[in-house]
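As structure tokens, the structure follows; a few thoughts come after it.
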Amino acid sequence: MAGAHHGGAEAFFERLTLALHLAGEKVLPVIRRDAERAARLRAGGLDPVELGFGGALDLLTGPRLRRVLGGFAPAVTVAWMNRAARFTPKGPWTLVGRRGGFYDLKYYRRCDHIVGNTRGIVRWLTEQGWPAARAHHLPNFVDDLAGAAPAELPAPPGARRLLAMGRLHRNKGFDIALRALAQLPSAHLSIAGEGPERAALAALARDLGVADRVAFLGWRRDTGALLAAAEVFVCSSRHEPLGNIVLEAWSAARPVVAVASQGPLELITEDIDGVMVPAEDPGALAVAVARLLDDPARAAALGAAGRAAFLRDFTEGAVVARWRDFLAAVAPKRQAA
């Protein structure tokens, strides 16, 4: 896995590798150099290998990765997203590309199979010409966040507490959330995340006159505590292939209002376990949030239904069982003696 220091896909890589290890699988994580990620994996009982996974001029990672894989002799190698797929060689192992988005297939041409974490990604793969028999849907899981003690959100007394999370990037639509906040005078928005749009978002909050009603919390690992302290979770993403943040809000039984991007559209059943609003429409987002704040019984019902969806399909046990079955099915078959 050669991803960023922070991010939903990167966090799920850590959770899945640790969960497979705890389930009894022999796992070797190979990661882009990242001391904190390596420490977390070691704390879970794994022994990660750190490589450069650089750009076009990186001539060392490929040969080193081949040697590492040759020494470990895996039955299945999973290349986690584009950069890892670009570097991972063919070998006696089955090569699986794992995708969390609609990325260019050129990175995955060496793969024997591709896993997408949504049905929409799998459909897209086949539409691009990838063989349907080698395209597989395996969802993410998130930690069970129910029961966490509420965090101290920086909202003033009496303010209605909204929460959003994710990388501060235009795709995540936090500008839409801020414009909606401007139409919710009794609300305070906490945004947990970091990224290149932070300065622009802070400037927009000042321009909208809501700087005193929004808090940029930076990256946080106490997700359950943040959700426990919030009244409504807001997913304003323009592009969200799955939406781990929706699953996390569901696990904590928080009501979700989401912009109708790919992942939330696949996950949420409208007005059953969440509320959807049109893209690029801060007014609609504000109205949907206000209605939930004004109707605690409906908000609680949405949160309970989201919790039920999490328990049914997105727990660690359910998803790890599916991954283990898949890995066993695609592993090279041993020849009889």
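Letters A, B, ... mark the chains of the structure tokens in the order given; residue numbers begin at 1 per chain; ligand numbers begin at 1, in order shown.
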Inset, instruction - Give me every strand (DSSP E or B) residue in stretch 148-337 of chain A, going by DSSP on the backbone, as JSON, numbers by chain. - result: {"A": [160, 161, 162, 163, 164, 165, 187, 188, 189, 190, 191, 192, 193, 214, 215, 216, 217, 218, 232, 233, 234, 235, 256, 257, 258, 259, 270, 274, 275, 276, 277]}
Inset, instruction - Mind checking which residues fall within 6 Å of stretch 111-126 of chain A, counting only C-alpha atoms, ignoring those fewer than 2 positions away in the same chain, and posting them as a list in words? - result: Leu95, Val96, Gly97, Arg98, Arg99, Gly100, Tyr108, Arg109, Gln128, Gly129, Trp130, Ala132, Arg134, Ala135, His136, His137, Leu138 and Pro139 of chain A
Inset, instruction - Kindly indicate which residue among A:Leu311, A:Leu181, A:Ala284, A:Ile191 lies nearest to A:Arg167, using only C-alpha atoms for the distances. - result: A:Ile191
Legend entry - Non-local contacts of A:Val246 (8 Å; only C-alpha atoms; under 5 positions in same chain excluded) as a VMD selection string: chain A and resid 235 256 264
Export of the given selection (N, CA and C atoms) as a tab-separated table (two decimals), in the first residue's frame:
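Output below, filename out05.tsv:
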chain	number	residue	atom	x	y	z
A	235	CYS	N	-22.36	14.63	5.45
A	235	CYS	CA	-21.43	14.16	4.41
A	235	CYS	C	-21.70	15.00	3.17
A	256	VAL	N	-27.61	10.73	9.44
A	256	VAL	CA	-26.73	11.19	8.37
A	256	VAL	C	-27.52	11.99	7.35
A	264	PRO	N	-22.67	7.33	-1.05
A	264	PRO	CA	-23.90	7.49	-0.27
A	264	PRO	C	-25.15	7.05	-1.02
Inset, instruction - Please identify all polymer residues within 7 Å of stretch 86-90 of chain A, counting only C-alpha atoms, omitting same-chain residues fewer than 3 positions from it, and present them as a VMD selection string. - result: chain A and resid 62 66 79 82 to 83 95 107 110
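Ranking A:Arg324, A:His6, A:Lys106, A:Arg291 by their shortest atom-to-atom distance to A:Ala192, with only C-alpha atoms included, puts A:His6 first.
Nearest residue to A:Val142 among A:Ala301, A:Leu293, A:Ile245, A:Leu20 is A:Ile245, counting only C-alpha atoms.
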Inset, instruction - Please run DSSP on the backbone and report, as a PyMOL selection string, all residues within stretch 75-316 of chain A that come out as alpha helix (DSSP H). - result: chain A and resi 82-87+119-127+174-181+198-208+223-229+244-251+262-267+282-294+296-313+316
Output file for the selection above: C-alpha atoms, as a short mmCIF file (atom, residue, chain, number, x, y, z; two decimals), in the first residue's frame:
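Contents of again_22.cif, freshly written:
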data_model
loop_
_atom_site.label_atom_id
_atom_site.label_comp_id
_atom_site.auth_asym_id
_atom_site.auth_seq_id
_atom_site.Cartn_x
_atom_site.Cartn_y
_atom_site.Cartn_z
CA ASN A 82 -2.92 2.83 -8.16
CA ARG A 83 0.67 3.33 -7.07
CA ALA A 84 0.94 -0.07 -5.42
CA ALA A 85 -0.56 -1.71 -8.50
CA ARG A 86 1.97 0.08 -10.71
CA PHE A 87 4.91 -1.31 -8.72
CA ARG A 119 -21.06 -2.38 -6.58
CA GLY A 120 -20.86 0.78 -8.65
CA ILE A 121 -17.09 0.38 -9.04
CA VAL A 122 -17.54 -3.25 -10.09
CA ARG A 123 -20.16 -2.24 -12.67
CA TRP A 124 -17.82 0.45 -13.99
CA LEU A 125 -14.99 -2.07 -14.31
CA THR A 126 -17.07 -4.33 -16.52
CA GLU A 127 -18.25 -1.35 -18.56
CA PHE A 174 -16.72 21.21 2.80
CA ASP A 175 -17.37 24.51 1.04
CA ILE A 176 -20.94 23.27 0.49
CA ALA A 177 -21.22 22.44 4.20
CA LEU A 178 -20.00 25.94 5.14
CA ARG A 179 -22.53 27.59 2.83
CA ALA A 180 -25.25 25.46 4.40
CA LEU A 181 -24.02 26.45 7.87
CA ARG A 198 -7.77 24.26 4.87
CA ALA A 199 -6.70 27.86 4.26
CA ALA A 200 -9.32 28.35 1.53
CA LEU A 201 -12.06 26.90 3.74
CA ALA A 202 -11.05 29.11 6.66
CA ALA A 203 -11.18 32.14 4.36
CA LEU A 204 -14.60 31.11 3.05
CA ALA A 205 -15.89 30.75 6.62
CA ARG A 206 -14.77 34.32 7.32
CA ASP A 207 -16.36 35.60 4.11
CA LEU A 208 -19.65 33.87 4.99
CA THR A 223 -13.96 9.23 15.78
CA GLY A 224 -16.45 7.51 18.07
CA ALA A 225 -16.20 10.26 20.65
CA LEU A 226 -16.70 12.96 18.03
CA LEU A 227 -19.77 11.21 16.64
CA ALA A 228 -21.19 10.66 20.10
CA ALA A 229 -21.03 14.41 20.71
CA ASN A 244 -16.39 5.16 5.23
CA ILE A 245 -17.57 8.23 7.08
CA VAL A 246 -21.20 7.23 6.49
CA LEU A 247 -20.46 3.74 7.82
CA GLU A 248 -18.80 5.23 10.89
CA ALA A 249 -21.77 7.49 11.55
CA TRP A 250 -24.08 4.48 11.15
CA SER A 251 -22.03 2.43 13.59
CA GLN A 262 -21.83 7.73 -5.70
CA GLY A 263 -21.12 6.00 -2.39
CA PRO A 264 -23.90 7.49 -0.27
CA LEU A 265 -26.36 6.83 -3.11
CA GLU A 266 -25.41 3.16 -2.99
CA LEU A 267 -25.46 2.93 0.80
CA PRO A 282 -26.22 24.23 0.11
CA GLY A 283 -29.80 25.37 0.62
CA ALA A 284 -31.16 21.84 0.35
CA LEU A 285 -28.46 20.63 2.73
CA ALA A 286 -29.39 23.32 5.25
CA VAL A 287 -33.10 22.48 5.04
CA ALA A 288 -32.47 18.75 5.53
CA VAL A 289 -30.24 19.36 8.56
CA ALA A 290 -32.71 21.83 10.08
CA ARG A 291 -35.56 19.34 9.75
CA LEU A 292 -33.60 16.70 11.63
CA LEU A 293 -32.60 19.13 14.35
CA ASP A 294 -36.27 20.06 14.74
CA PRO A 296 -35.40 14.43 17.38
CA ALA A 297 -37.63 11.34 17.01
CA ARG A 298 -36.99 11.17 13.27
CA ALA A 299 -33.28 11.77 13.80
CA ALA A 300 -33.16 8.93 16.32
CA ALA A 301 -35.04 6.58 13.97
CA LEU A 302 -32.59 7.31 11.14
CA GLY A 303 -29.67 6.70 13.47
CA ALA A 304 -31.13 3.40 14.66
CA ALA A 305 -31.73 2.22 11.08
CA GLY A 306 -28.18 3.15 10.13
CA ARG A 307 -26.91 1.19 13.10
CA ALA A 308 -28.92 -1.83 11.93
CA ALA A 309 -27.43 -1.55 8.42
CA PHE A 310 -23.94 -1.44 9.92
CA LEU A 311 -24.56 -4.52 12.05
CA ARG A 312 -25.98 -6.40 9.06
CA ASP A 313 -23.33 -5.71 6.42
CA GLU A 316 -15.42 -6.52 10.95
#
Inset, instruction - Using only C-alpha atoms, pick whichever of A:Leu184, A:Ala75, A:Ala252, A:Ala151 has the shortest atom-to-atom distance to A:Val330. - result: A:Ala75
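Between atom CA of A:Gly8 and atom CA of A:Phe141 lies a distance of 11.1 Å.
Residue nearest A:Ala215, chosen from A:Ala321, A:Leu162, A:Ala11, A:Ala2 and counting only C-alpha atoms: A:Leu162.
Distances to A:His21 were evaluated for A:Glu36, A:His5, A:Leu46, A:Asp104 using only C-alpha atoms, and the minimum falls at A:Leu46.
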Give me the residues within 12 Å of A:Val30 as a PDB file with C-alpha atoms, in the first residue's frame, counting only C-alpha atoms and dropping any in the same chain fewer than 2 places off.
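around.pdb, freshly written:
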ATOM      1  CA  MET A   1       0.000   0.000   0.000  1.00  0.00           C
ATOM      2  CA  ALA A   2       1.601   3.239  -1.168  1.00  0.00           C
ATOM      3  CA  GLY A   3      -1.050   5.756  -0.119  1.00  0.00           C
ATOM      4  CA  PHE A  13      -5.838  -1.006   4.718  1.00  0.00           C
ATOM      5  CA  GLU A  14      -4.559  -0.957   8.291  1.00  0.00           C
ATOM      6  CA  THR A  17      -4.522  -6.315   7.398  1.00  0.00           C
ATOM      7  CA  VAL A  27      -0.023 -11.364   6.344  1.00  0.00           C
ATOM      8  CA  LEU A  28       2.946  -9.223   5.304  1.00  0.00           C
ATOM      9  CA  ARG A  32       5.212   3.398   1.708  1.00  0.00           C
ATOM     10  CA  ARG A  33       7.594   4.678   4.384  1.00  0.00           C
ATOM     11  CA  ASP A  34       5.461   5.956   7.248  1.00  0.00           C
ATOM     12  CA  ARG A  37       1.596   3.533  10.215  1.00  0.00           C
ATOM     13  CA  ALA A  38       4.400   1.035  10.686  1.00  0.00           C
ATOM     14  CA  LEU A  41       0.889  -2.311  12.399  1.00  0.00           C
ATOM     15  CA  LEU A  46       2.572  -7.498  12.156  1.00  0.00           C
ATOM     16  CA  ASP A  47       6.064  -6.830  10.802  1.00  0.00           C
ATOM     17  CA  PRO A  48       5.645  -4.330   7.948  1.00  0.00           C
ATOM     18  CA  VAL A  49       8.216  -3.703   5.236  1.00  0.00           C
ATOM     19  CA  GLU A  50       8.669  -0.040   4.289  1.00  0.00           C
ATOM     20  CA  LEU A  51       9.678   0.914   0.744  1.00  0.00           C
ATOM     21  CA  GLY A  52       9.912   4.185  -1.172  1.00  0.00           C
ATOM     22  CA  PHE A  53       7.048   3.846  -3.666  1.00  0.00           C
ATOM     23  CA  THR A  61      11.135   0.007  -5.207  1.00  0.00           C
ATOM     24  CA  ARG A  64      13.055  -4.520  -3.777  1.00  0.00           C
ATOM     25  CA  LEU A  65       9.348  -5.354  -3.764  1.00  0.00           C
ATOM     26  CA  ARG A  66       9.972  -8.378  -5.984  1.00  0.00           C
ATOM     27  CA  ARG A  67      12.634  -9.638  -3.550  1.00  0.00           C
ATOM     28  CA  VAL A  68      10.346  -9.082  -0.563  1.00  0.00           C
ATOM     29  CA  LEU A  69       7.491 -10.958  -2.192  1.00  0.00           C
ATOM     30  CA  PHE A  72       7.543 -14.203   1.716  1.00  0.00           C
ATOM     31  CA  THR A  77      -0.719 -10.407  -3.293  1.00  0.00           C
ATOM     32  CA  VAL A  78      -3.118  -7.461  -2.972  1.00  0.00           C
ATOM     33  CA  ALA A  79      -2.037  -4.202  -4.610  1.00  0.00           C
ATOM     34  CA  TRP A  80      -3.856  -1.447  -2.743  1.00  0.00           C
ATOM     35  CA  ALA A  84       0.935  -0.069  -5.419  1.00  0.00           C
ATOM     36  CA  PHE A  87       4.905  -1.311  -8.722  1.00  0.00           C
ATOM     37  CA  THR A  88       3.662  -4.821  -7.894  1.00  0.00           C
TER      38      THR A  88
END
